[in-house]
Amino acid sequence: MPDALDATPYDALLLLSFGGPEGPDDVVPFLENVTRGRGIPKERLKEVGQHYFLFGGVSPINDQNRALLQALREDFAAHGLDLPVYWGNRNWAPYLTDTLREMAADGRRRVLVLATSAYASYSGCRQYRENLANALATLQAEGVDVPAVDKLRHYFNHPGFVEPMTDGVLRALADLPEDVRAGAHIAFTTHSIPTAAADTSGPVESHGDGGAYVAQHLDVARLIADAVRERTGVDHPWQLVYQSRSGAPHIPWLEPDICDHLEERHAAGVPAVVMAPIGFVSDHMEVLYDLDTEATAKAGELGLPVRRSATVGADPRFAAAVRELILERAAVERGREVTPCALGALGPSHDVCPVGCCPARTPRPAAAGADSPYA
């Protein structure tokens, strides 16, 4: 095998995602999984689940993961990369523990993990690592000889992630009426998280206001805005805004909210807005409901033309980026010198999450990091 296509020491890739219900009867059990340990009554979960019931009780995320799996397998096959791809979820079938059990039964001994979250944060990285540790502990208690598990670095600034989103923003701008297009504002959106979680995201040396979470999103937004200017000749104003807040009202979360932002931009005389969900890998429920339904309805009330740009999804360039990230990490593990691929001012992220990175409020074991009990 040519060295460029050598994934050793790894013998499998695990696509690790959030999961979602695939029918009305799944909604409340799924939300019980998501909120386990918080003591939220079932009646409250039924209220929260209305977003899913509006779409027949089906989250789009599972089908989107199936499409990404297919794109990855096709890309690997086309480039001669012999690496099986598995899929496991945190909160719904196929469950992570079951998938790791299957991988162990198949003889997989060294696994790379691709999480469907591109940025540093507790909920976007460490919580996935905690889920991995919990699953591995469960299997060890069953007597399973568990594989070693590593996690691919954050890919927020990889060209294969940034370029499809840039094309999406350009298409959204082109779809606006011509008389408002040049003056359109770009609202780059991502999931709001508690400010305390943002401030402690990333390695300890990066901690500060907004932490790595905000810095990484701002870097991607600048990259896209600069590319749009270069390709259109128009310097569109932009701002990073937030959506999908779900916490208690007294806890500070990142702001401004997208709906508040639309009201403010309309009051300022902005003729149109493109909503660009750079914080999301695919068009799952937060995109379909919070942007396509709720924010779009708010814009309609205001008489403000809006368009929503596409997420990366199963774009072939993203599949190719995953292949490149796998080969890059594999070469590092074999002791080779590599030049990681990254755009923007921040450079490539770390391969191994350091101790103190994106800490939890209550310390828990986390796999695939410097503090992993499964190193």
# chains A, B, ... in the order shown; residues from 1 in each chain; ligands from 1
$ select_by_dssp --residues "range 48-215 of chain A" --states "helix (DSSP H, G or I)" --output "VMD selection string"
chain A and resid 48 50 to 53 61 to 78 96 to 105 122 to 141 159 to 175 178 to 181 195 to 199 204 to 206 211 to 215
$ residues_around --residues "Phe188 in chain A" --least-positions-apart "6" --cutoff "10 Å" --atoms "only C-alpha atoms" --output "VMD selection string"
chain A and resid 169 217 to 218 220 to 222 224 to 225 238 to 242 258 274 to 279 309
$ residues_around --residues "range 67-72 of chain A" --least-positions-apart "3" --cutoff "8 Å" --atoms "only C-alpha atoms" --output "MDAnalysis selection string"
chainID A and resid 15 63:64 75:76 85 87 313:316 319:320 322:323
$ write_last_selection --atoms "N, CA and C atoms" --output "short mmCIF file (atom, residue, chain, number, x, y, z; two decimals), in the first residue's frame"
data_model
loop_
_atom_site.label_atom_id
_atom_site.label_comp_id
_atom_site.auth_asym_id
_atom_site.auth_seq_id
_atom_site.Cartn_x
_atom_site.Cartn_y
_atom_site.Cartn_z
N LEU A 15 -17.85 6.88 13.20
CA LEU A 15 -18.61 8.12 13.11
C LEU A 15 -19.48 8.21 14.36
N ASP A 63 -30.67 10.15 9.01
CA ASP A 63 -30.53 10.00 7.56
C ASP A 63 -29.32 10.78 7.05
N GLN A 64 -29.05 11.92 7.66
CA GLN A 64 -27.88 12.69 7.24
C GLN A 64 -26.59 11.95 7.57
N ASP A 75 -15.72 7.65 -0.94
CA ASP A 75 -14.45 8.36 -1.08
C ASP A 75 -13.28 7.43 -0.77
N PHE A 76 -13.38 6.67 0.32
CA PHE A 76 -12.29 5.77 0.70
C PHE A 76 -12.04 4.75 -0.41
N VAL A 85 -15.84 1.68 8.10
CA VAL A 85 -16.47 2.80 8.79
C VAL A 85 -17.69 2.30 9.54
N TRP A 87 -20.76 3.34 12.74
CA TRP A 87 -21.55 4.50 13.19
C TRP A 87 -22.18 4.20 14.53
N GLY A 313 -22.97 18.80 5.41
CA GLY A 313 -23.65 17.55 5.12
C GLY A 313 -22.71 16.48 4.60
N ALA A 314 -23.09 15.86 3.49
CA ALA A 314 -22.30 14.79 2.89
C ALA A 314 -21.54 15.27 1.66
N ASP A 315 -21.20 16.55 1.63
CA ASP A 315 -20.45 17.11 0.50
C ASP A 315 -19.18 16.28 0.27
N PRO A 316 -18.88 15.93 -0.98
CA PRO A 316 -17.68 15.12 -1.25
C PRO A 316 -16.40 15.76 -0.73
N ALA A 319 -16.07 14.69 2.85
CA ALA A 319 -15.62 13.30 2.92
C ALA A 319 -14.13 13.22 2.63
N ALA A 320 -13.66 13.97 1.64
CA ALA A 320 -12.23 13.98 1.32
C ALA A 320 -11.42 14.56 2.47
N VAL A 322 -12.14 14.32 5.64
CA VAL A 322 -12.05 13.28 6.67
C VAL A 322 -10.94 12.30 6.31
N ARG A 323 -10.89 11.90 5.05
CA ARG A 323 -9.81 11.00 4.62
C ARG A 323 -8.44 11.63 4.88
#
$ closest_residue --among "A:Asn62, A:Glu263, A:Asp175, A:Leu152" --to "Val332 in chain A" --atoms "only C-alpha atoms"
A:Leu152
$ closest_residue --among "A:Asn131, A:Leu288, A:Thr116, A:Glu142" --to "Leu54 in chain A" --atoms "only C-alpha atoms"
A:Leu288
$ atom_distance --atom1 "CA of Leu254 in chain A" --atom2 "CA of Ala120 in chain A"
14.8 Å
$ residues_around --residues "Arg126 in chain A" --least-positions-apart "6" --cutoff "9 Å" --atoms "only C-alpha atoms" --output "PyMOL selection string"
chain A and resi 120+353+357-360+366-367+369
$ write_last_selection --atoms "C-alpha atoms" --output "short mmCIF file (atom, residue, chain, number, x, y, z; two decimals), in the first residue's frame"
data_model
loop_
_atom_site.label_atom_id
_atom_site.label_comp_id
_atom_site.auth_asym_id
_atom_site.auth_seq_id
_atom_site.Cartn_x
_atom_site.Cartn_y
_atom_site.Cartn_z
CA ALA A 120 -14.01 22.91 20.86
CA CYS A 353 -7.06 16.98 24.00
CA CYS A 357 -9.45 21.08 28.07
CA CYS A 358 -13.18 21.96 28.02
CA PRO A 359 -13.74 20.84 31.63
CA ALA A 360 -17.01 19.44 32.94
CA ALA A 366 -13.03 10.94 29.29
CA ALA A 367 -11.43 8.74 26.64
CA GLY A 369 -7.40 12.56 25.52
#
$ residues_around --residues "Asp145 in chain A" --least-positions-apart "4" --cutoff "8 Å" --atoms "only C-alpha atoms" --output "VMD selection string"
chain A and resid 104 139 to 140
$ write_last_selection --atoms "N, CA, C and O atoms" --output "short mmCIF file (atom, residue, chain, number, x, y, z; two decimals), in the first residue's frame"
data_model
loop_
_atom_site.label_atom_id
_atom_site.label_comp_id
_atom_site.auth_asym_id
_atom_site.auth_seq_id
_atom_site.Cartn_x
_atom_site.Cartn_y
_atom_site.Cartn_z
N ALA A 104 -15.36 -4.46 18.52
CA ALA A 104 -14.49 -5.38 19.24
C ALA A 104 -14.68 -6.81 18.74
O ALA A 104 -13.70 -7.55 18.55
N LEU A 139 -18.19 -2.07 28.46
CA LEU A 139 -17.71 -3.25 27.75
C LEU A 139 -16.64 -3.98 28.55
O LEU A 139 -16.61 -5.23 28.56
N GLN A 140 -15.78 -3.23 29.21
CA GLN A 140 -14.78 -3.88 30.05
C GLN A 140 -15.44 -4.69 31.17
O GLN A 140 -14.99 -5.79 31.50
#
$ closest_residue --among "A:Gly269, A:Pro60, A:Pro194, A:Gly347" --to "Asp219 in chain A" --atoms "only C-alpha atoms"
A:Gly347
$ select_by_dssp --residues "range 68-309 of chain A" --states "strand (DSSP E or B)" --output "number ranges by chain"
A: 85-89, 95, 110-115, 148-151, 185-191, 194, 238-243, 253, 257, 273-276, 306-308
$ atom_distance --atom1 "CA of Phe318 in chain A" --atom2 "CA of Val162 in chain A"
8.9 Å
$ atom_distance --atom1 "CA of Arg364 in chain A" --atom2 "CA of Phe18 in chain A"
18.9 Å
$ closest_residue --among "A:Gly168, A:Tyr86, A:Gly233, A:Leu100" --to "Ala137 in chain A" --atoms "only C-alpha atoms"
A:Leu100
$ closest_residue --among "A:Glu130, A:Pro203, A:Gly88, A:Gly210" --to "His350 in chain A" --atoms "only C-alpha atoms"
A:Pro203
$ residues_around --residues "Arg334 in chain A" --least-positions-apart "3" --cutoff "12 Å" --atoms "only C-alpha atoms" --output "PyMOL selection string"
chain A and resi 3+6-10+327-331+337-338
$ write_last_selection --atoms "N, CA, C and O atoms" --output "mmCIF file, in the first residue's frame"
data_model
loop_
_atom_site.group_PDB
_atom_site.id
_atom_site.type_symbol
_atom_site.label_atom_id
_atom_site.label_comp_id
_atom_site.auth_asym_id
_atom_site.auth_seq_id
_atom_site.Cartn_x
_atom_site.Cartn_y
_atom_site.Cartn_z
ATOM 1 N N ASP A 3 2.381 4.757 0.965
ATOM 2 C CA ASP A 3 2.355 5.356 2.293
ATOM 3 C C ASP A 3 1.268 6.411 2.422
ATOM 4 O O ASP A 3 0.686 6.588 3.484
ATOM 5 N N ASP A 6 -1.855 4.922 3.762
ATOM 6 C CA ASP A 6 -1.646 4.002 4.871
ATOM 7 C C ASP A 6 -2.291 4.555 6.137
ATOM 8 O O ASP A 6 -1.844 5.556 6.682
ATOM 9 N N ALA A 7 -3.349 3.895 6.613
ATOM 10 C CA ALA A 7 -4.037 4.347 7.828
ATOM 11 C C ALA A 7 -3.505 3.668 9.084
ATOM 12 O O ALA A 7 -3.986 3.951 10.178
ATOM 13 N N THR A 8 -2.544 2.785 8.957
ATOM 14 C CA THR A 8 -2.018 2.134 10.154
ATOM 15 C C THR A 8 -1.381 3.175 11.072
ATOM 16 O O THR A 8 -0.804 4.153 10.590
ATOM 17 N N PRO A 9 -1.573 3.036 12.363
ATOM 18 C CA PRO A 9 -1.983 1.851 13.120
ATOM 19 C C PRO A 9 -3.486 1.666 13.268
ATOM 20 O O PRO A 9 -3.931 0.801 14.022
ATOM 21 N N TYR A 10 -4.297 2.475 12.590
ATOM 22 C CA TYR A 10 -5.737 2.412 12.774
ATOM 23 C C TYR A 10 -6.348 1.365 11.861
ATOM 24 O O TYR A 10 -5.928 1.191 10.713
ATOM 25 N N LEU A 327 -5.428 10.162 7.402
ATOM 26 C CA LEU A 327 -4.070 9.858 6.956
ATOM 27 C C LEU A 327 -3.045 10.727 7.670
ATOM 28 O O LEU A 327 -1.939 10.269 7.991
ATOM 29 N N GLU A 328 -3.422 11.970 7.934
ATOM 30 C CA GLU A 328 -2.546 12.877 8.683
ATOM 31 C C GLU A 328 -2.283 12.339 10.077
ATOM 32 O O GLU A 328 -1.126 12.254 10.535
ATOM 33 N N ARG A 329 -3.352 11.958 10.785
ATOM 34 C CA ARG A 329 -3.194 11.476 12.151
ATOM 35 C C ARG A 329 -2.442 10.136 12.176
ATOM 36 O O ARG A 329 -1.595 9.892 13.057
ATOM 37 N N ALA A 330 -2.738 9.274 11.208
ATOM 38 C CA ALA A 330 -2.054 7.990 11.150
ATOM 39 C C ALA A 330 -0.556 8.187 10.949
ATOM 40 O O ALA A 330 0.263 7.494 11.583
ATOM 41 N N ALA A 331 -0.180 9.117 10.088
ATOM 42 C CA ALA A 331 1.237 9.387 9.852
ATOM 43 C C ALA A 331 1.915 9.895 11.114
ATOM 44 O O ALA A 331 3.045 9.522 11.429
ATOM 45 N N GLU A 337 6.784 13.105 9.933
ATOM 46 C CA GLU A 337 6.593 14.557 9.940
ATOM 47 C C GLU A 337 5.450 14.887 8.989
ATOM 48 O O GLU A 337 5.438 14.457 7.834
ATOM 49 N N VAL A 338 4.471 15.659 9.445
ATOM 50 C CA VAL A 338 3.343 16.051 8.604
ATOM 51 C C VAL A 338 3.095 17.546 8.741
ATOM 52 O O VAL A 338 3.461 18.158 9.746
#
$ closest_residue --among "A:Ala133, A:Leu45, A:Ile326, A:Ala118" --to "Val281 in chain A" --atoms "only C-alpha atoms"
A:Ala118
$ decode --residues "range 106-138 of chain A" --atoms "N, CA, C and O atoms" --output "CSV table (one decimal), in the first residue's frame"
chain,number,residue,atom,x,y,z
A,106,ASP,N,-15.5,-7.7,15.8
A,106,ASP,CA,-14.9,-7.7,14.5
A,106,ASP,C,-13.4,-7.7,14.5
A,106,ASP,O,-12.8,-7.7,13.5
A,107,GLY,N,-12.9,-7.6,15.7
A,107,GLY,CA,-11.4,-7.6,15.8
A,107,GLY,C,-10.7,-6.3,15.7
A,107,GLY,O,-9.5,-6.2,15.5
A,108,ARG,N,-11.5,-5.2,15.8
A,108,ARG,CA,-10.8,-3.9,15.6
A,108,ARG,C,-10.1,-3.5,16.9
A,108,ARG,O,-10.6,-3.6,18.0
A,109,ARG,N,-8.8,-3.1,16.7
A,109,ARG,CA,-7.9,-2.9,17.9
A,109,ARG,C,-7.5,-1.5,18.0
A,109,ARG,O,-7.1,-1.1,19.1
A,110,ARG,N,-7.6,-0.6,17.0
A,110,ARG,CA,-7.2,0.8,17.1
A,110,ARG,C,-8.1,1.6,16.3
A,110,ARG,O,-8.2,1.5,15.1
A,111,VAL,N,-8.9,2.4,16.9
A,111,VAL,CA,-10.1,3.1,16.3
A,111,VAL,C,-9.9,4.6,16.3
A,111,VAL,O,-9.5,5.2,17.3
A,112,LEU,N,-10.1,5.2,15.2
A,112,LEU,CA,-10.2,6.7,15.1
A,112,LEU,C,-11.7,7.1,15.1
A,112,LEU,O,-12.5,6.4,14.5
A,113,VAL,N,-12.0,8.2,15.8
A,113,VAL,CA,-13.3,8.7,16.0
A,113,VAL,C,-13.5,10.0,15.3
A,113,VAL,O,-12.7,10.9,15.5
A,114,LEU,N,-14.5,10.1,14.5
A,114,LEU,CA,-15.0,11.4,13.8
A,114,LEU,C,-16.3,11.8,14.5
A,114,LEU,O,-17.3,11.1,14.4
A,115,ALA,N,-16.2,12.8,15.3
A,115,ALA,CA,-17.4,13.4,15.9
A,115,ALA,C,-18.1,14.4,15.0
A,115,ALA,O,-17.4,15.2,14.4
A,116,THR,N,-19.4,14.4,15.0
A,116,THR,CA,-20.1,15.4,14.1
A,116,THR,C,-20.2,16.7,14.8
A,116,THR,O,-21.3,17.3,14.9
A,117,SER,N,-19.1,17.2,15.3
A,117,SER,CA,-19.0,18.5,15.9
A,117,SER,C,-17.6,19.0,15.6
A,117,SER,O,-16.6,18.4,16.0
A,118,ALA,N,-17.5,20.2,15.0
A,118,ALA,CA,-16.3,20.7,14.5
A,118,ALA,C,-15.5,21.5,15.4
A,118,ALA,O,-14.3,21.8,15.1
A,119,TYR,N,-16.1,22.0,16.5
A,119,TYR,CA,-15.4,23.0,17.3
A,119,TYR,C,-15.2,22.5,18.8
A,119,TYR,O,-15.8,21.5,19.2
A,120,ALA,N,-14.3,23.2,19.5
A,120,ALA,CA,-14.0,22.9,20.9
A,120,ALA,C,-15.1,23.4,21.8
A,120,ALA,O,-15.5,24.6,21.7
A,121,SER,N,-15.6,22.6,22.7
A,121,SER,CA,-16.5,22.9,23.8
A,121,SER,C,-16.7,21.7,24.6
A,121,SER,O,-16.4,20.6,24.1
A,122,TYR,N,-17.3,21.8,25.8
A,122,TYR,CA,-17.7,20.6,26.5
A,122,TYR,C,-18.7,19.8,25.8
A,122,TYR,O,-18.4,18.6,25.6
A,123,SER,N,-19.8,20.4,25.3
A,123,SER,CA,-20.8,19.6,24.7
A,123,SER,C,-20.4,19.1,23.3
A,123,SER,O,-20.9,18.1,22.8
A,124,GLY,N,-19.5,19.8,22.6
A,124,GLY,CA,-19.0,19.5,21.3
A,124,GLY,C,-17.8,18.6,21.2
A,124,GLY,O,-17.5,18.1,20.2
A,125,CYS,N,-17.1,18.3,22.4
A,125,CYS,CA,-16.0,17.5,22.3
A,125,CYS,C,-15.9,16.6,23.6
A,125,CYS,O,-16.0,15.4,23.5
A,126,ARG,N,-15.6,17.2,24.8
A,126,ARG,CA,-15.4,16.4,25.9
A,126,ARG,C,-16.6,15.5,26.3
A,126,ARG,O,-16.4,14.4,26.7
A,127,GLN,N,-17.8,16.0,26.1
A,127,GLN,CA,-18.9,15.1,26.4
A,127,GLN,C,-18.9,13.9,25.5
A,127,GLN,O,-19.3,12.8,26.0
A,128,TYR,N,-18.5,14.0,24.3
A,128,TYR,CA,-18.4,12.8,23.4
A,128,TYR,C,-17.3,11.9,24.0
A,128,TYR,O,-17.4,10.7,24.0
A,129,ARG,N,-16.2,12.5,24.5
A,129,ARG,CA,-15.1,11.7,25.0
A,129,ARG,C,-15.6,11.0,26.3
A,129,ARG,O,-15.2,9.9,26.6
A,130,GLU,N,-16.4,11.7,27.1
A,130,GLU,CA,-17.0,11.0,28.3
A,130,GLU,C,-17.9,9.9,27.9
A,130,GLU,O,-17.9,8.8,28.6
A,131,ASN,N,-18.7,10.0,26.9
A,131,ASN,CA,-19.5,8.9,26.4
A,131,ASN,C,-18.7,7.8,25.9
A,131,ASN,O,-19.1,6.6,26.2
A,132,LEU,N,-17.6,8.0,25.3
A,132,LEU,CA,-16.7,7.0,24.9
A,132,LEU,C,-16.1,6.2,26.1
A,132,LEU,O,-16.1,5.0,26.1
A,133,ALA,N,-15.7,7.0,27.1
A,133,ALA,CA,-15.2,6.4,28.3
A,133,ALA,C,-16.2,5.5,29.0
A,133,ALA,O,-16.0,4.4,29.5
A,134,ASN,N,-17.5,6.0,29.1
A,134,ASN,CA,-18.5,5.2,29.7
A,134,ASN,C,-18.8,3.9,28.9
A,134,ASN,O,-19.0,2.9,29.5
A,135,ALA,N,-18.8,4.1,27.6
A,135,ALA,CA,-19.1,2.9,26.8
A,135,ALA,C,-18.0,1.8,26.9
A,135,ALA,O,-18.2,0.6,27.1
A,136,LEU,N,-16.7,2.3,26.9
A,136,LEU,CA,-15.6,1.4,27.1
A,136,LEU,C,-15.6,0.7,28.5
A,136,LEU,O,-15.3,-0.5,28.6
A,137,ALA,N,-16.0,1.5,29.5
A,137,ALA,CA,-16.1,0.9,30.9
A,137,ALA,C,-17.2,-0.2,30.9
A,137,ALA,O,-17.0,-1.2,31.6
A,138,THR,N,-18.3,0.1,30.3
A,138,THR,CA,-19.4,-0.9,30.2
A,138,THR,C,-18.9,-2.2,29.6
A,138,THR,O,-19.2,-3.3,30.1
